[in-house]
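Participant: My structure is in run03.pdb, and what it holds is PDB, C-alpha atoms, pLDDT in the B column:
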ATOM      1  CA  GLY A   1     -28.797  -7.574   3.533  1.00 77.00           C
ATOM      2  CA  PHE A   2     -28.231  -3.845   3.958  1.00 89.00           C
ATOM      3  CA  HIS A   3     -25.921  -1.177   2.567  1.00 95.00           C
ATOM      4  CA  PRO A   4     -23.482   0.413   5.055  1.00 96.00           C
ATOM      5  CA  PHE A   5     -24.196   3.858   3.589  1.00 96.00           C
ATOM      6  CA  GLY A   6     -27.965   3.594   3.926  1.00 95.00           C
ATOM      7  CA  SER A   7     -30.889   3.676   1.555  1.00 94.00           C
ATOM      8  CA  ARG A   8     -30.569   4.473  -2.125  1.00 94.00           C
ATOM      9  CA  VAL A   9     -31.954   7.963  -1.542  1.00 95.00           C
ATOM     10  CA  HIS A  10     -29.325   8.888   1.084  1.00 95.00           C
ATOM     11  CA  ARG A  11     -26.420   6.716  -0.062  1.00 96.00           C
ATOM     12  CA  GLU A  12     -24.426   9.245  -2.088  1.00 95.00           C
ATOM     13  CA  ALA A  13     -24.673  11.930   0.618  1.00 97.00           C
ATOM     14  CA  ASN A  14     -23.664   9.400   3.283  1.00 96.00           C
ATOM     15  CA  ILE A  15     -20.662   8.286   1.239  1.00 95.00           C
ATOM     16  CA  LEU A  16     -19.517  11.886   0.815  1.00 94.00           C
ATOM     17  CA  ALA A  17     -20.025  12.531   4.549  1.00 95.00           C
ATOM     18  CA  ASN A  18     -18.403   9.167   5.427  1.00 93.00           C
ATOM     19  CA  LYS A  19     -21.532   8.312   7.429  1.00 96.00           C
ATOM     20  CA  ILE A  20     -21.401   4.541   7.870  1.00 96.00           C
ATOM     21  CA  ASN A  21     -23.926   2.358   9.684  1.00 96.00           C
ATOM     22  CA  LEU A  22     -22.616  -1.060  10.675  1.00 97.00           C
ATOM     23  CA  VAL A  23     -24.926  -1.731  13.629  1.00 95.00           C
ATOM     24  CA  ARG A  24     -26.236  -4.911  12.020  1.00 95.00           C
ATOM     25  CA  VAL A  25     -22.775  -6.456  11.813  1.00 96.00           C
ATOM     26  CA  THR A  26     -22.659  -8.606  14.947  1.00 95.00           C
ATOM     27  CA  ASP A  27     -19.392 -10.477  14.376  1.00 95.00           C
ATOM     28  CA  PRO A  28     -16.558  -8.350  15.858  1.00 96.00           C
ATOM     29  CA  VAL A  29     -14.000  -9.890  13.491  1.00 96.00           C
ATOM     30  CA  ALA A  30     -16.130  -9.032  10.452  1.00 96.00           C
ATOM     31  CA  LEU A  31     -16.802  -5.566  11.851  1.00 97.00           C
ATOM     32  CA  HIS A  32     -13.060  -4.935  12.166  1.00 97.00           C
ATOM     33  CA  LEU A  33     -12.388  -5.876   8.544  1.00 98.00           C
ATOM     34  CA  ILE A  34     -15.401  -4.064   7.094  1.00 97.00           C
ATOM     35  CA  SER A  35     -14.520  -0.903   9.020  1.00 96.00           C
ATOM     36  CA  LYS A  36     -10.980  -0.996   7.667  1.00 97.00           C
ATOM     37  CA  CYS A  37     -12.201  -1.526   4.105  1.00 97.00           C
ATOM     38  CA  LEU A  38     -14.583   1.434   4.322  1.00 96.00           C
ATOM     39  CA  GLN A  39     -11.935   3.984   5.342  1.00 95.00           C
ATOM     40  CA  SER A  40     -12.471   7.211   3.403  1.00 92.00           C
ATOM     41  CA  GLU A  41      -8.734   7.606   2.730  1.00 94.00           C
ATOM     42  CA  ALA A  42      -7.556   5.003   0.226  1.00 95.00           C
ATOM     43  CA  GLN A  43      -4.097   4.619   1.787  1.00 97.00           C
ATOM     44  CA  LYS A  44      -5.734   3.579   5.081  1.00 96.00           C
ATOM     45  CA  ARG A  45      -7.635   0.700   3.431  1.00 97.00           C
ATOM     46  CA  PRO A  46      -6.060  -2.776   3.499  1.00 98.00           C
ATOM     47  CA  SER A  47      -4.596  -4.324   0.386  1.00 97.00           C
ATOM     48  CA  MET A  48      -6.279  -7.392  -1.067  1.00 97.00           C
ATOM     49  CA  MET A  49      -3.484  -9.527   0.415  1.00 97.00           C
ATOM     50  CA  GLU A  50      -4.158  -8.030   3.856  1.00 97.00           C
ATOM     51  CA  VAL A  51      -7.877  -8.716   3.445  1.00 98.00           C
ATOM     52  CA  LEU A  52      -7.240 -12.344   2.537  1.00 97.00           C
ATOM     53  CA  GLN A  53      -4.933 -12.768   5.551  1.00 96.00           C
ATOM     54  CA  HIS A  54      -7.441 -11.235   7.986  1.00 97.00           C
ATOM     55  CA  PRO A  55      -8.642 -13.525  10.815  1.00 96.00           C
ATOM     56  CA  LEU A  56     -12.137 -13.503   9.297  1.00 97.00           C
ATOM     57  CA  PHE A  57     -10.806 -15.895   6.651  1.00 97.00           C
ATOM     58  CA  TRP A  58      -8.764 -18.133   8.971  1.00 96.00           C
ATOM     59  CA  ASP A  59      -9.837 -21.748   9.210  1.00 96.00           C
ATOM     60  CA  LYS A  60     -10.798 -23.258  12.579  1.00 95.00           C
ATOM     61  CA  HIS A  61      -7.348 -24.768  13.082  1.00 97.00           C
ATOM     62  CA  LYS A  62      -5.533 -21.464  12.594  1.00 96.00           C
ATOM     63  CA  ARG A  63      -7.959 -19.687  14.948  1.00 93.00           C
ATOM     64  CA  LEU A  64      -7.381 -22.336  17.605  1.00 96.00           C
ATOM     65  CA  LEU A  65      -3.597 -22.029  17.307  1.00 96.00           C
ATOM     66  CA  PHE A  66      -3.877 -18.254  17.632  1.00 95.00           C
ATOM     67  CA  LEU A  67      -6.016 -18.536  20.766  1.00 94.00           C
ATOM     68  CA  LEU A  68      -3.602 -21.047  22.280  1.00 95.00           C
ATOM     69  CA  ASP A  69      -0.676 -18.701  21.597  1.00 94.00           C
ATOM     70  CA  VAL A  70      -2.509 -15.770  23.184  1.00 94.00           C
ATOM     71  CA  SER A  71      -3.453 -17.809  26.243  1.00 94.00           C
ATOM     72  CA  ASP A  72       0.189 -18.914  26.613  1.00 92.00           C
ATOM     73  CA  LEU A  73       1.290 -15.276  26.551  1.00 90.00           C
ATOM     74  CA  LEU A  74      -1.226 -14.383  29.237  1.00 88.00           C
ATOM     75  CA  GLU A  75      -0.011 -17.143  31.548  1.00 84.00           C
TER      76      GLU A  75
END
Once you've parsed the file, please lay out its structure as structure tokens.
Facilitator:
Amino acid sequence: GFHPFGSRVHREANILANKINLVRVTDPVALHLISKCLQSEAQKRPSMMEVLQHPLFWDKHKRLLFLLDVSDLLE
């Protein structure tokens, strides 16, 4: 419900200054993806395929398998 570059009045200046406000994004997985997508340099932004493969879009089963694999590595 908010724009990462602020209000309409300040938005253009914030975009040019790369001043991003993501304090309202509470999900760390979503924050990771949004931050990557808002990189000022285009070559640093993920491709659409990378976005679609991001953990934010994994189903519950795939997330569980990932967590099991990580826990196995830690043991």
Participant: When you draw a straight line from CA of Ala13 (chain A) to CA of His54 (chain A), how long is it in Å?
Facilitator: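 Between CA of Ala13 (chain A) and CA of His54 (chain A) the gap is 29.8 Å.
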Participant: Please write as a PDB file with C-alpha atoms, in the coordinates of the input the full residue list that the PyMOL selection byres ((chain A and resi 19-33) around 9) yields on this file.
Facilitator:
ATOM      1  CA  PHE A   2     -28.231  -3.845   3.958  1.00 89.00           C
ATOM      2  CA  HIS A   3     -25.921  -1.177   2.567  1.00 95.00           C
ATOM      3  CA  PRO A   4     -23.482   0.413   5.055  1.00 96.00           C
ATOM      4  CA  PHE A   5     -24.196   3.858   3.589  1.00 96.00           C
ATOM      5  CA  GLY A   6     -27.965   3.594   3.926  1.00 95.00           C
ATOM      6  CA  ALA A  13     -24.673  11.930   0.618  1.00 97.00           C
ATOM      7  CA  ASN A  14     -23.664   9.400   3.283  1.00 96.00           C
ATOM      8  CA  ILE A  15     -20.662   8.286   1.239  1.00 95.00           C
ATOM      9  CA  LEU A  16     -19.517  11.886   0.815  1.00 94.00           C
ATOM     10  CA  ALA A  17     -20.025  12.531   4.549  1.00 95.00           C
ATOM     11  CA  ASN A  18     -18.403   9.167   5.427  1.00 93.00           C
ATOM     12  CA  ILE A  34     -15.401  -4.064   7.094  1.00 97.00           C
ATOM     13  CA  SER A  35     -14.520  -0.903   9.020  1.00 96.00           C
ATOM     14  CA  LYS A  36     -10.980  -0.996   7.667  1.00 97.00           C
ATOM     15  CA  CYS A  37     -12.201  -1.526   4.105  1.00 97.00           C
ATOM     16  CA  LEU A  38     -14.583   1.434   4.322  1.00 96.00           C
ATOM     17  CA  PRO A  46      -6.060  -2.776   3.499  1.00 98.00           C
ATOM     18  CA  VAL A  51      -7.877  -8.716   3.445  1.00 98.00           C
ATOM     19  CA  HIS A  54      -7.441 -11.235   7.986  1.00 97.00           C
ATOM     20  CA  PRO A  55      -8.642 -13.525  10.815  1.00 96.00           C
ATOM     21  CA  LEU A  56     -12.137 -13.503   9.297  1.00 97.00           C
TER      22      LEU A  56
END
Participant: To one decimal in Å, tell me the separation between CA of Met49 (chain A) and CA of Phe66 (chain A).
Facilitator: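 If I compute the distance from CA of Met49 (chain A) to CA of Phe66 (chain A), I get 19.3 Å.
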Participant: Box along x, y and z, 5 Å on every side, all listed atoms of region 56-59 of chain A inside: centre and edge lengths in Å to one decimal, as lines of an AutoDock Vina configuration file.
Facilitator:
center_x = -10.5
center_y = -17.6
center_z = 8.0
size_x = 13.4
size_y = 18.2
size_z = 12.6
